[in-house]
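Student: If it helps, the file is called input_14.cif and holds mmCIF, C-alpha atoms:
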data_structure
#
loop_
_atom_site.group_PDB
_atom_site.id
_atom_site.type_symbol
_atom_site.label_atom_id
_atom_site.label_comp_id
_atom_site.auth_asym_id
_atom_site.auth_seq_id
_atom_site.Cartn_x
_atom_site.Cartn_y
_atom_site.Cartn_z
ATOM 1 C CA MET A 1 89.820 -49.290 13.829
ATOM 2 C CA LEU A 2 91.185 -45.944 14.955
ATOM 3 C CA SER A 3 90.618 -42.978 12.688
ATOM 4 C CA ARG A 4 93.610 -41.106 11.321
ATOM 5 C CA ARG A 5 92.738 -38.107 13.502
ATOM 6 C CA ARG A 6 92.604 -40.224 16.664
ATOM 7 C CA LEU A 7 95.882 -41.893 15.762
ATOM 8 C CA TRP A 8 97.473 -38.487 15.316
ATOM 9 C CA GLY A 9 96.108 -37.404 18.730
ATOM 10 C CA LEU A 10 97.404 -40.589 20.332
ATOM 11 C CA PHE A 11 100.802 -40.066 18.708
ATOM 12 C CA TRP A 12 101.020 -36.557 20.111
ATOM 13 C CA LEU A 13 99.865 -37.690 23.544
ATOM 14 C CA VAL A 14 102.455 -40.438 23.769
ATOM 15 C CA CYS A 15 105.244 -38.310 22.291
ATOM 16 C CA SER A 16 104.667 -35.217 24.310
ATOM 17 C CA LEU A 17 104.041 -37.024 27.590
ATOM 18 C CA SER A 18 106.993 -39.340 27.193
ATOM 19 C CA ILE A 19 109.478 -36.644 26.205
ATOM 20 C CA VAL A 20 109.111 -34.022 28.894
ATOM 21 C CA GLY A 21 105.614 -32.602 29.365
ATOM 22 C CA CYS A 22 104.838 -33.835 32.850
ATOM 23 C CA ASP A 23 105.736 -31.988 35.990
ATOM 24 C CA PRO A 24 106.830 -34.560 38.562
ATOM 25 C CA VAL A 25 107.203 -33.683 42.222
ATOM 26 C CA ARG A 26 109.306 -35.059 45.049
ATOM 27 C CA SER A 27 109.042 -34.365 48.761
ATOM 28 C CA THR A 28 111.705 -33.123 51.113
ATOM 29 C CA SER A 29 111.880 -32.921 54.868
ATOM 30 C CA GLN A 30 113.843 -30.509 57.031
ATOM 31 C CA LEU A 31 114.107 -30.720 60.796
ATOM 32 C CA VAL A 32 113.886 -27.350 62.511
ATOM 33 C CA ARG A 33 114.685 -26.985 66.202
ATOM 34 C CA LEU A 34 113.244 -24.042 68.109
ATOM 35 C CA GLN A 35 113.738 -22.830 71.672
ATOM 36 C CA VAL A 36 110.706 -21.316 73.387
ATOM 37 C CA VAL A 37 111.123 -19.306 76.581
ATOM 38 C CA ASP A 38 108.858 -17.113 78.656
ATOM 39 C CA SER A 39 109.351 -13.528 77.489
ATOM 40 C CA ALA A 40 109.364 -12.101 81.004
ATOM 41 C CA SER A 41 111.340 -14.691 82.983
ATOM 42 C CA GLY A 42 113.437 -16.289 80.237
ATOM 43 C CA GLN A 43 112.504 -19.726 81.588
ATOM 44 C CA PRO A 44 111.902 -22.579 79.088
ATOM 45 C CA VAL A 45 108.255 -23.160 78.250
ATOM 46 C CA VAL A 46 107.451 -26.872 78.598
ATOM 47 C CA GLY A 47 104.666 -28.605 76.646
ATOM 48 C CA ALA A 48 103.908 -25.650 74.381
ATOM 49 C CA GLN A 49 102.330 -26.362 71.019
ATOM 50 C CA VAL A 50 104.379 -24.714 68.300
ATOM 51 C CA SER A 51 103.478 -24.353 64.662
ATOM 52 C CA LEU A 52 105.598 -23.108 61.817
ATOM 53 C CA ALA A 53 104.063 -21.946 58.523
ATOM 54 C CA PHE A 54 105.596 -20.227 55.498
ATOM 55 C CA ASP A 55 104.533 -16.565 55.711
ATOM 56 C CA GLU A 56 103.024 -15.959 52.283
ATOM 57 C CA ALA A 57 102.171 -12.302 52.948
ATOM 58 C CA ALA A 58 105.676 -11.409 54.146
ATOM 59 C CA ALA A 59 107.339 -13.317 51.305
ATOM 60 C CA ARG A 60 105.229 -11.615 48.645
ATOM 61 C CA PRO A 61 104.187 -8.258 50.190
ATOM 62 C CA LEU A 62 101.475 -6.150 48.628
ATOM 63 C CA SER A 63 103.860 -3.177 48.644
ATOM 64 C CA LYS A 64 106.027 -4.965 46.055
ATOM 65 C CA GLU A 65 103.149 -6.412 44.062
ATOM 66 C CA THR A 66 103.198 -5.605 40.359
ATOM 67 C CA GLU A 67 100.761 -8.150 38.937
ATOM 68 C CA LEU A 68 97.802 -8.224 41.310
ATOM 69 C CA THR A 69 95.270 -5.739 42.639
ATOM 70 C CA PRO A 70 95.043 -5.568 46.465
ATOM 71 C CA GLN A 71 91.901 -7.736 46.352
ATOM 72 C CA GLU A 72 93.531 -10.311 44.079
ATOM 73 C CA TRP A 73 96.644 -10.293 46.262
ATOM 74 C CA LYS A 74 94.563 -10.943 49.399
ATOM 75 C CA LYS A 75 92.702 -13.784 47.712
ATOM 76 C CA ARG A 76 95.936 -15.418 46.534
ATOM 77 C CA ILE A 77 97.654 -15.058 49.919
ATOM 78 C CA GLU A 78 94.661 -16.627 51.685
ATOM 79 C CA ALA A 79 94.425 -19.439 49.145
ATOM 80 C CA TYR A 80 98.076 -20.389 49.421
ATOM 81 C CA GLN A 81 98.636 -19.862 53.190
ATOM 82 C CA ARG A 82 99.134 -23.382 54.553
ATOM 83 C CA PRO A 83 98.500 -24.877 58.001
ATOM 84 C CA GLY A 84 101.708 -24.988 59.973
ATOM 85 C CA PHE A 85 104.084 -27.855 60.675
ATOM 86 C CA ARG A 86 103.655 -28.760 64.326
ATOM 87 C CA GLY A 87 105.766 -29.670 67.329
ATOM 88 C CA VAL A 88 105.652 -29.657 71.139
ATOM 89 C CA THR A 89 108.346 -28.293 73.411
ATOM 90 C CA ASN A 90 110.207 -30.731 75.689
ATOM 91 C CA LYS A 91 111.578 -30.186 79.216
ATOM 92 C CA GLN A 92 114.229 -27.813 77.869
ATOM 93 C CA GLY A 93 111.581 -25.790 76.033
ATOM 94 C CA GLN A 94 112.811 -27.073 72.682
ATOM 95 C CA ALA A 95 110.548 -28.208 69.845
ATOM 96 C CA GLU A 96 111.646 -30.278 66.859
ATOM 97 C CA ILE A 97 109.502 -29.577 63.840
ATOM 98 C CA ASP A 98 109.512 -31.627 60.659
ATOM 99 C CA ALA A 99 109.002 -29.213 57.747
ATOM 100 C CA LYS A 100 107.867 -31.197 54.698
ATOM 101 C CA PHE A 101 107.640 -29.719 51.217
ATOM 102 C CA THR A 102 106.563 -31.119 47.877
ATOM 103 C CA LEU A 103 108.052 -29.458 44.844
ATOM 104 C CA LEU A 104 108.702 -29.774 41.147
ATOM 105 C CA ASP A 105 111.792 -31.941 40.792
ATOM 106 C CA ARG A 106 113.006 -33.787 37.714
ATOM 107 C CA THR A 107 116.155 -35.126 39.323
ATOM 108 C CA SER A 108 116.554 -38.727 40.410
ATOM 109 C CA GLY A 109 119.460 -38.483 42.846
ATOM 110 C CA SER A 110 119.314 -39.501 46.485
ATOM 111 C CA LYS A 111 120.162 -36.029 47.791
ATOM 112 C CA PRO A 112 118.219 -32.848 46.963
ATOM 113 C CA PRO A 113 120.208 -30.459 44.758
ATOM 114 C CA SER A 114 121.039 -26.986 46.047
ATOM 115 C CA GLY A 115 118.199 -24.502 46.167
ATOM 116 C CA LYS A 116 115.776 -26.900 47.874
ATOM 117 C CA ASP A 117 116.095 -25.356 51.346
ATOM 118 C CA PHE A 118 112.717 -23.719 51.836
ATOM 119 C CA VAL A 119 113.321 -22.725 55.449
ATOM 120 C CA THR A 120 116.642 -20.886 55.712
ATOM 121 C CA GLY A 121 116.308 -17.212 54.851
ATOM 122 C CA HIS A 122 112.536 -17.359 54.371
ATOM 123 C CA PRO A 123 109.836 -15.711 56.528
ATOM 124 C CA TYR A 124 107.736 -17.993 58.703
ATOM 125 C CA LEU A 125 104.753 -17.473 60.970
ATOM 126 C CA ILE A 126 105.402 -19.038 64.357
ATOM 127 C CA LYS A 127 102.421 -19.755 66.608
ATOM 128 C CA VAL A 128 102.925 -20.747 70.231
ATOM 129 C CA LYS A 129 100.209 -21.933 72.610
ATOM 130 C CA ALA A 130 100.921 -22.994 76.172
ATOM 131 C CA GLY A 131 98.416 -23.658 78.943
ATOM 132 C CA GLU A 132 95.948 -20.867 79.556
ATOM 133 C CA VAL A 133 98.069 -18.244 77.834
ATOM 134 C CA PRO A 134 96.439 -17.087 74.576
ATOM 135 C CA GLU A 135 98.088 -18.277 71.365
ATOM 136 C CA GLU A 136 100.753 -15.894 70.167
ATOM 137 C CA GLU A 137 101.789 -15.419 66.539
ATOM 138 C CA THR A 138 105.027 -13.836 65.366
ATOM 139 C CA SER A 139 106.857 -13.687 62.065
ATOM 140 C CA LEU A 140 110.554 -14.458 61.734
ATOM 141 C CA VAL A 141 113.045 -14.807 58.906
ATOM 142 C CA MET A 142 114.468 -18.247 59.651
ATOM 143 C CA LYS A 143 118.195 -18.361 60.306
ATOM 144 C CA ILE A 144 120.130 -20.263 62.921
ATOM 145 C CA GLY A 145 120.400 -17.945 65.934
ATOM 146 C CA ALA A 146 117.549 -15.669 64.820
ATOM 147 C CA SER A 147 114.994 -14.875 67.494
ATOM 148 C CA VAL A 148 111.747 -13.022 68.000
ATOM 149 C CA LYS A 149 110.212 -11.802 71.227
ATOM 150 C CA GLY A 150 106.453 -11.639 71.642
ATOM 151 C CA LYS A 151 104.321 -10.496 74.558
ATOM 152 C CA SER A 152 104.322 -13.938 76.229
ATOM 153 C CA PHE A 153 106.962 -16.009 74.453
ATOM 154 C CA ALA A 154 110.375 -15.575 72.878
ATOM 155 C CA VAL A 155 111.425 -18.013 70.145
ATOM 156 C CA THR A 156 114.971 -18.709 68.951
ATOM 157 C CA VAL A 157 115.991 -20.852 65.976
ATOM 158 C CA LEU A 158 118.527 -23.384 67.268
ATOM 159 C CA ASP A 159 119.005 -25.483 64.158
ATOM 160 C CA ILE A 160 117.797 -25.915 60.581
ATOM 161 C CA GLN A 161 118.879 -29.180 58.997
ATOM 162 C CA SER A 162 119.547 -29.612 55.308
ATOM 163 C CA PRO A 163 116.662 -31.003 53.278
ATOM 164 C CA ARG A 164 116.507 -34.725 52.630
ATOM 165 C CA TYR A 165 114.182 -36.647 50.375
ATOM 166 C CA VAL A 166 111.227 -38.449 51.862
ATOM 167 C CA GLU A 167 108.563 -40.527 50.163
ATOM 168 C CA THR A 168 105.941 -38.481 48.336
ATOM 169 C CA LYS A 169 102.475 -39.468 49.388
ATOM 170 C CA ASN A 170 100.658 -40.522 46.251
ATOM 171 C CA ASN A 171 96.895 -40.503 46.249
ATOM 172 C CA MET B 1 95.403 -17.196 36.065
ATOM 173 C CA LYS B 2 96.572 -13.939 34.551
ATOM 174 C CA CYS B 3 97.354 -14.751 30.940
ATOM 175 C CA ASN B 4 98.393 -12.068 28.461
ATOM 176 C CA SER B 5 94.986 -12.444 26.855
ATOM 177 C CA GLY B 6 93.206 -11.826 30.185
ATOM 178 C CA ASN B 7 92.135 -13.720 33.297
ATOM 179 C CA LYS B 8 91.361 -17.373 32.523
ATOM 180 C CA SER B 9 89.977 -20.209 34.632
ATOM 181 C CA TRP B 10 90.807 -23.867 34.061
ATOM 182 C CA PRO B 11 89.513 -26.857 36.014
ATOM 183 C CA VAL B 12 92.069 -28.521 38.272
ATOM 184 C CA TYR B 13 91.533 -32.140 39.256
ATOM 185 C CA GLY B 14 93.122 -33.564 42.400
ATOM 186 C CA ASN B 15 93.463 -37.262 43.246
ATOM 187 C CA SER B 16 93.748 -37.948 39.524
ATOM 188 C CA SER B 17 94.520 -41.594 38.864
ATOM 189 C CA THR B 18 95.455 -40.625 35.276
ATOM 190 C CA ALA B 19 98.075 -38.201 36.614
ATOM 191 C CA GLY B 20 99.290 -40.906 38.981
ATOM 192 C CA LEU B 21 99.560 -43.352 36.097
ATOM 193 C CA ILE B 22 101.378 -40.926 33.791
ATOM 194 C CA ILE B 23 103.751 -39.310 36.216
ATOM 195 C CA GLY B 24 103.675 -41.035 39.598
ATOM 196 C CA SER B 25 103.490 -37.877 41.686
ATOM 197 C CA GLY B 26 102.926 -34.473 40.148
ATOM 198 C CA CYS B 27 100.738 -32.507 37.751
ATOM 199 C CA VAL B 28 100.103 -32.496 34.009
ATOM 200 C CA THR B 29 98.500 -29.640 32.069
ATOM 201 C CA LEU B 30 96.418 -31.026 29.228
ATOM 202 C CA ALA B 31 95.284 -29.041 26.205
ATOM 203 C CA PRO B 32 94.792 -29.907 22.518
ATOM 204 C CA PRO B 33 96.267 -31.920 20.854
ATOM 205 C CA ASN B 34 96.534 -34.062 23.993
ATOM 206 C CA VAL B 35 92.826 -33.665 24.772
ATOM 207 C CA ALA B 36 89.856 -32.519 22.727
ATOM 208 C CA ALA B 37 89.201 -28.779 22.454
ATOM 209 C CA GLY B 38 87.035 -27.694 25.364
ATOM 210 C CA GLN B 39 88.477 -30.414 27.613
ATOM 211 C CA GLU B 40 91.498 -28.391 28.776
ATOM 212 C CA LYS B 41 92.452 -29.210 32.353
ATOM 213 C CA ILE B 42 95.194 -29.601 34.926
ATOM 214 C CA ILE B 43 95.366 -33.007 36.585
ATOM 215 C CA CYS B 44 97.382 -33.750 39.708
ATOM 216 C CA SER B 45 98.074 -36.861 41.746
ATOM 217 C CA GLY B 46 97.724 -35.089 45.120
ATOM 218 C CA THR B 47 94.575 -33.995 46.883
ATOM 219 C CA CYS B 48 93.058 -30.591 46.088
ATOM 220 C CA ASP B 49 94.368 -29.324 49.405
ATOM 221 C CA GLU B 50 97.860 -30.792 49.012
ATOM 222 C CA ILE B 51 98.492 -29.360 45.573
ATOM 223 C CA LYS B 52 97.981 -25.825 46.843
ATOM 224 C CA GLY B 53 101.097 -26.434 48.935
ATOM 225 C CA TRP B 54 103.196 -27.849 46.075
ATOM 226 C CA MET B 55 105.938 -25.555 44.900
ATOM 227 C CA SER B 56 107.850 -24.924 41.743
ATOM 228 C CA ALA B 57 111.610 -25.233 42.079
ATOM 229 C CA GLY B 58 113.660 -22.542 43.724
ATOM 230 C CA ASP B 59 111.351 -19.897 45.130
ATOM 231 C CA PRO B 60 108.691 -20.843 47.709
ATOM 232 C CA THR B 61 106.437 -17.999 46.563
ATOM 233 C CA VAL B 62 106.223 -19.659 43.137
ATOM 234 C CA LYS B 63 103.669 -22.450 43.300
ATOM 235 C CA LEU B 64 103.495 -25.513 41.085
ATOM 236 C CA LEU B 65 100.088 -24.223 39.938
ATOM 237 C CA ASP B 66 101.864 -21.043 38.693
ATOM 238 C CA HIS B 67 104.107 -23.331 36.648
ATOM 239 C CA GLU B 68 101.114 -25.233 35.251
ATOM 240 C CA ALA B 69 99.446 -21.894 34.475
ATOM 241 C CA CYS B 70 102.423 -21.084 32.220
ATOM 242 C CA HIS B 71 101.592 -24.149 30.081
ATOM 243 C CA ALA B 72 97.887 -23.296 30.133
ATOM 244 C CA CYS B 73 98.382 -19.617 29.230
ATOM 245 C CA ALA B 74 100.666 -20.609 26.348
ATOM 246 C CA TYR B 75 97.669 -22.455 24.907
ATOM 247 C CA GLU B 76 95.214 -19.659 25.733
ATOM 248 C CA ASP B 77 97.435 -16.924 24.314
ATOM 249 C CA SER B 78 99.108 -18.620 21.364
ATOM 250 C CA GLY B 79 97.552 -22.022 20.691
ATOM 251 C CA LYS B 80 98.740 -25.623 20.720
ATOM 252 C CA CYS B 81 102.151 -25.132 19.119
ATOM 253 C CA LYS B 82 103.231 -22.720 21.857
ATOM 254 C CA TYR B 83 101.679 -25.026 24.474
ATOM 255 C CA LEU B 84 103.734 -27.960 23.210
ATOM 256 C CA TRP B 85 106.760 -25.714 22.945
ATOM 257 C CA THR B 86 106.544 -24.876 26.689
ATOM 258 C CA TRP B 87 106.777 -28.567 27.442
ATOM 259 C CA ALA B 88 109.993 -28.861 25.490
ATOM 260 C CA GLY B 89 111.112 -25.531 26.952
ATOM 261 C CA ASP B 90 110.827 -27.013 30.432
ATOM 262 C CA MET B 91 114.024 -28.930 29.703
ATOM 263 C CA TRP B 92 115.764 -25.618 30.386
ATOM 264 C CA GLY B 93 113.192 -24.353 32.880
ATOM 265 C CA TYR B 94 110.978 -22.243 30.606
ATOM 266 C CA CYS B 95 107.889 -22.324 32.830
ATOM 267 C CA ASP B 96 109.943 -21.717 35.977
ATOM 268 C CA LYS B 97 111.265 -18.519 34.444
ATOM 269 C CA ASN B 98 107.921 -17.565 32.910
ATOM 270 C CA LYS B 99 105.533 -18.569 35.695
ATOM 271 C CA ILE B 100 102.055 -17.134 35.626
ATOM 272 C CA THR B 101 100.368 -15.818 38.747
ATOM 273 C CA SER B 102 97.481 -18.113 39.628
ATOM 274 C CA THR B 103 95.000 -18.309 42.459
ATOM 275 C CA PRO B 104 93.180 -21.515 43.409
ATOM 276 C CA MET B 105 89.438 -20.919 43.655
ATOM 277 C CA TRP B 106 88.870 -23.723 46.187
#
What does the file become when written as structure tokens?

Tutor:
Amino acid sequence: MLSRRRLWGLFWLVCSLSIVGCDPVRSTSQLVRLQVVDSASGQPVVGAQVSLAFDEAAARPLSKETELTPQEWKKRIEAYQRPGFRGVTNKQGQAEIDAKFTLLDRTSGSKPPSGKDFVTGHPYLIKVKAGEVPEEETSLVMKIGASVKGKSFAVTVLDIQSPRYVETKNN
Amino acid sequence: MKCNSGNKSWPVYGNSSTAGLIIGSGCVTLAPPNVAAGQEKIICSGTCDEIKGWMSAGDPTVKLLDHEACHACAYEDSGKCKYLWTWAGDMWGYCDKNKITSTPMW
């Protein structure tokens, strides 16, 4: 027989969990197409490995920090900086990269509501590695037509597709 | 997490089958009266690595763990009534607007 206290706890658990209390997530995917060319010759770079990662430090710069000390800021940036989404350039020097995000979402529709585009207008670190050339990292605010020129490679954003829902991997 | 009452640390459990059962995919912040005092925790269905990449709605600099920290700090700062209130408040995005800066320690 359950004690009155346990029953009260169970009541609260069921009520609060069933009303709102949980924070469900859903995953979205956005295809991003990049053009990679040789900085000097302007020729397409074929077979380059390209990675695209949200630039935590640029998005939340220390210069604008109001809540964290420099040490705390550094720790947070390092903890949240994610490995990049990856792609390889084709014969035209273009790479298609599937940017997947998992975020708090209480909606149940088939299309993500507005405000779920986590690529357009946000800073990203772009790493390019081709052949014997050392890997090059640049930062770029992602917009169609935006480009950045590094020492070895120049990268242009050709397309950013709208987000679409994909299945959330559940462990 | 930086609560009003100071820096606090709560355990976060990834791969939680309980979270999976309750919510499918996502996280739940548990404090009294939902768990016993001293058993406060955040449970998530994703792996420890995955959940660091999960975001709150709207701004990619705001992480889902910042959102969970809002629920947790409500309990730390003001007790279980405020904690439960944040859950109801989420119907109009309370913890999105009042996110708490958090840093995973793993």

Student: Written as a list of chain:residue names, which residues does the PyMOL selection byres ((chain B and resi 101) around 8) give for the file shown?

Tutor: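 Those residues are A:Glu67, B:Met1, B:Lys2, B:Asp66, B:Ala69, B:Lys99, B:Ile100, B:Ser102, B:Thr103.
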
Student: Name the residues, using the chain letters and numbers of the file, that sit within 7 Å of (91.0, -24.8, 36.2) when counting all atoms listed in the file, and give them as a list in words.

Tutor: Ser9, Trp10, Pro11, Val12, Lys41 and Ile42 of chain B

Student: Find the distance between atom CA of Val141 of chain A and atom CA of Phe153 of chain A and write it in Å to one decimal.

Tutor: 16.7 Å

Student: Nearest to chain A: which of B:Asn98, B:Asn7, B:Thr86, B:Ser56 is it, counting only C-alpha atoms?

Tutor: B:Ser56

Student: Between A:Ala58, A:Leu68, A:Val88, A:Leu103, single out the one closest to Ser25 of chain B, counting all atoms listed in the file.

Tutor: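 When distances to Ser25 of chain B are compared using all atoms listed in the file, the smallest one comes from A:Leu103.
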
Student: May I have the residues of chain B within 9 Å of chain A, counting only C-alpha atoms, written as a ChimeraX atom specification?

Tutor: /B:2,14-17,19-20,22-29,32-36,45-47,50-61,63-64,67-68,84,86-91,101-106

Student: Those same residues, written as a PDB file, in the frame of the given file with C-alpha atoms?

Tutor:
ATOM      1  CA  LYS B   2      96.572 -13.939  34.551  1.00  0.00           C
ATOM      2  CA  GLY B  14      93.122 -33.564  42.400  1.00  0.00           C
ATOM      3  CA  ASN B  15      93.463 -37.262  43.246  1.00  0.00           C
ATOM      4  CA  SER B  16      93.748 -37.948  39.524  1.00  0.00           C
ATOM      5  CA  SER B  17      94.520 -41.594  38.864  1.00  0.00           C
ATOM      6  CA  ALA B  19      98.075 -38.201  36.614  1.00  0.00           C
ATOM      7  CA  GLY B  20      99.290 -40.906  38.981  1.00  0.00           C
ATOM      8  CA  ILE B  22     101.378 -40.926  33.791  1.00  0.00           C
ATOM      9  CA  ILE B  23     103.751 -39.310  36.216  1.00  0.00           C
ATOM     10  CA  GLY B  24     103.675 -41.035  39.598  1.00  0.00           C
ATOM     11  CA  SER B  25     103.490 -37.877  41.686  1.00  0.00           C
ATOM     12  CA  GLY B  26     102.926 -34.473  40.148  1.00  0.00           C
ATOM     13  CA  CYS B  27     100.738 -32.507  37.751  1.00  0.00           C
ATOM     14  CA  VAL B  28     100.103 -32.496  34.009  1.00  0.00           C
ATOM     15  CA  THR B  29      98.500 -29.640  32.069  1.00  0.00           C
ATOM     16  CA  PRO B  32      94.792 -29.907  22.518  1.00  0.00           C
ATOM     17  CA  PRO B  33      96.267 -31.920  20.854  1.00  0.00           C
ATOM     18  CA  ASN B  34      96.534 -34.062  23.993  1.00  0.00           C
ATOM     19  CA  VAL B  35      92.826 -33.665  24.772  1.00  0.00           C
ATOM     20  CA  ALA B  36      89.856 -32.519  22.727  1.00  0.00           C
ATOM     21  CA  SER B  45      98.074 -36.861  41.746  1.00  0.00           C
ATOM     22  CA  GLY B  46      97.724 -35.089  45.120  1.00  0.00           C
ATOM     23  CA  THR B  47      94.575 -33.995  46.883  1.00  0.00           C
ATOM     24  CA  GLU B  50      97.860 -30.792  49.012  1.00  0.00           C
ATOM     25  CA  ILE B  51      98.492 -29.360  45.573  1.00  0.00           C
ATOM     26  CA  LYS B  52      97.981 -25.825  46.843  1.00  0.00           C
ATOM     27  CA  GLY B  53     101.097 -26.434  48.935  1.00  0.00           C
ATOM     28  CA  TRP B  54     103.196 -27.849  46.075  1.00  0.00           C
ATOM     29  CA  MET B  55     105.938 -25.555  44.900  1.00  0.00           C
ATOM     30  CA  SER B  56     107.850 -24.924  41.743  1.00  0.00           C
ATOM     31  CA  ALA B  57     111.610 -25.233  42.079  1.00  0.00           C
ATOM     32  CA  GLY B  58     113.660 -22.542  43.724  1.00  0.00           C
ATOM     33  CA  ASP B  59     111.351 -19.897  45.130  1.00  0.00           C
ATOM     34  CA  PRO B  60     108.691 -20.843  47.709  1.00  0.00           C
ATOM     35  CA  THR B  61     106.437 -17.999  46.563  1.00  0.00           C
ATOM     36  CA  LYS B  63     103.669 -22.450  43.300  1.00  0.00           C
ATOM     37  CA  LEU B  64     103.495 -25.513  41.085  1.00  0.00           C
ATOM     38  CA  HIS B  67     104.107 -23.331  36.648  1.00  0.00           C
ATOM     39  CA  GLU B  68     101.114 -25.233  35.251  1.00  0.00           C
ATOM     40  CA  LEU B  84     103.734 -27.960  23.210  1.00  0.00           C
ATOM     41  CA  THR B  86     106.544 -24.876  26.689  1.00  0.00           C
ATOM     42  CA  TRP B  87     106.777 -28.567  27.442  1.00  0.00           C
ATOM     43  CA  ALA B  88     109.993 -28.861  25.490  1.00  0.00           C
ATOM     44  CA  GLY B  89     111.112 -25.531  26.952  1.00  0.00           C
ATOM     45  CA  ASP B  90     110.827 -27.013  30.432  1.00  0.00           C
ATOM     46  CA  MET B  91     114.024 -28.930  29.703  1.00  0.00           C
ATOM     47  CA  THR B 101     100.368 -15.818  38.747  1.00  0.00           C
ATOM     48  CA  SER B 102      97.481 -18.113  39.628  1.00  0.00           C
ATOM     49  CA  THR B 103      95.000 -18.309  42.459  1.00  0.00           C
ATOM     50  CA  PRO B 104      93.180 -21.515  43.409  1.00  0.00           C
ATOM     51  CA  MET B 105      89.438 -20.919  43.655  1.00  0.00           C
ATOM     52  CA  TRP B 106      88.870 -23.723  46.187  1.00  0.00           C
TER      53      TRP B 106
END

Student: One decimal, Å: what's the distance from atom CA of Thr138 of chain A over to atom CA of Ile126 of chain A, could you say?

Tutor: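 These atoms are spaced 5.3 Å apart.
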
Student: As an exercise, work out the distance from atom CA of Gly131 of chain A to atom CA of Gln43 of chain A in Å and give it to one decimal place.

Tutor: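 The value is 14.9 Å.
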
Student: Reconstruct N, CA and C atoms of segment 83-98 of chain A; output as a PDB file, in the coordinates of the input.

Tutor:
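After the write, rebuild18.pdb holds the following:
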ATOM      1  N   PRO A  83      98.432 -24.596  56.564  1.00  0.00           N
ATOM      2  CA  PRO A  83      98.500 -24.877  58.001  1.00  0.00           C
ATOM      3  C   PRO A  83      99.955 -25.144  58.377  1.00  0.00           C
ATOM      4  N   GLY A  84     100.300 -24.864  59.598  1.00  0.00           N
ATOM      5  CA  GLY A  84     101.708 -24.988  59.973  1.00  0.00           C
ATOM      6  C   GLY A  84     102.150 -26.420  60.245  1.00  0.00           C
ATOM      7  N   PHE A  85     103.479 -26.608  60.204  1.00  0.00           N
ATOM      8  CA  PHE A  85     104.084 -27.855  60.675  1.00  0.00           C
ATOM      9  C   PHE A  85     104.114 -27.751  62.205  1.00  0.00           C
ATOM     10  N   ARG A  86     103.853 -28.867  62.881  1.00  0.00           N
ATOM     11  CA  ARG A  86     103.655 -28.760  64.326  1.00  0.00           C
ATOM     12  C   ARG A  86     104.699 -29.506  65.156  1.00  0.00           C
ATOM     13  N   GLY A  87     104.893 -29.014  66.374  1.00  0.00           N
ATOM     14  CA  GLY A  87     105.766 -29.670  67.329  1.00  0.00           C
ATOM     15  C   GLY A  87     105.378 -29.257  68.734  1.00  0.00           C
ATOM     16  N   VAL A  88     105.938 -29.971  69.733  1.00  0.00           N
ATOM     17  CA  VAL A  88     105.652 -29.657  71.139  1.00  0.00           C
ATOM     18  C   VAL A  88     106.980 -29.513  71.860  1.00  0.00           C
ATOM     19  N   THR A  89     107.073 -28.514  72.720  1.00  0.00           N
ATOM     20  CA  THR A  89     108.346 -28.293  73.411  1.00  0.00           C
ATOM     21  C   THR A  89     108.572 -29.353  74.496  1.00  0.00           C
ATOM     22  N   ASN A  90     109.839 -29.742  74.670  1.00  0.00           N
ATOM     23  CA  ASN A  90     110.207 -30.731  75.689  1.00  0.00           C
ATOM     24  C   ASN A  90     110.579 -30.027  77.002  1.00  0.00           C
ATOM     25  N   LYS A  91     111.246 -30.742  77.899  1.00  0.00           N
ATOM     26  CA  LYS A  91     111.578 -30.186  79.216  1.00  0.00           C
ATOM     27  C   LYS A  91     112.530 -29.000  79.134  1.00  0.00           C
ATOM     28  N   GLN A  92     113.297 -28.948  78.050  1.00  0.00           N
ATOM     29  CA  GLN A  92     114.229 -27.813  77.869  1.00  0.00           C
ATOM     30  C   GLN A  92     113.564 -26.665  77.097  1.00  0.00           C
ATOM     31  N   GLY A  93     112.288 -26.825  76.793  1.00  0.00           N
ATOM     32  CA  GLY A  93     111.581 -25.790  76.033  1.00  0.00           C
ATOM     33  C   GLY A  93     111.913 -25.820  74.550  1.00  0.00           C
ATOM     34  N   GLN A  94     112.430 -26.970  74.087  1.00  0.00           N
ATOM     35  CA  GLN A  94     112.811 -27.073  72.682  1.00  0.00           C
ATOM     36  C   GLN A  94     111.799 -27.918  71.891  1.00  0.00           C
ATOM     37  N   ALA A  95     111.469 -27.459  70.706  1.00  0.00           N
ATOM     38  CA  ALA A  95     110.548 -28.208  69.845  1.00  0.00           C
ATOM     39  C   ALA A  95     111.258 -28.573  68.557  1.00  0.00           C
ATOM     40  N   GLU A  96     111.118 -29.841  68.160  1.00  0.00           N
ATOM     41  CA  GLU A  96     111.646 -30.278  66.859  1.00  0.00           C
ATOM     42  C   GLU A  96     110.486 -30.356  65.895  1.00  0.00           C
ATOM     43  N   ILE A  97     110.604 -29.640  64.802  1.00  0.00           N
ATOM     44  CA  ILE A  97     109.502 -29.577  63.840  1.00  0.00           C
ATOM     45  C   ILE A  97     109.976 -30.104  62.491  1.00  0.00           C
ATOM     46  N   ASP A  98     109.181 -31.015  61.945  1.00  0.00           N
ATOM     47  CA  ASP A  98     109.512 -31.627  60.659  1.00  0.00           C
ATOM     48  C   ASP A  98     108.811 -30.827  59.555  1.00  0.00           C
TER      49      ASP A  98
END
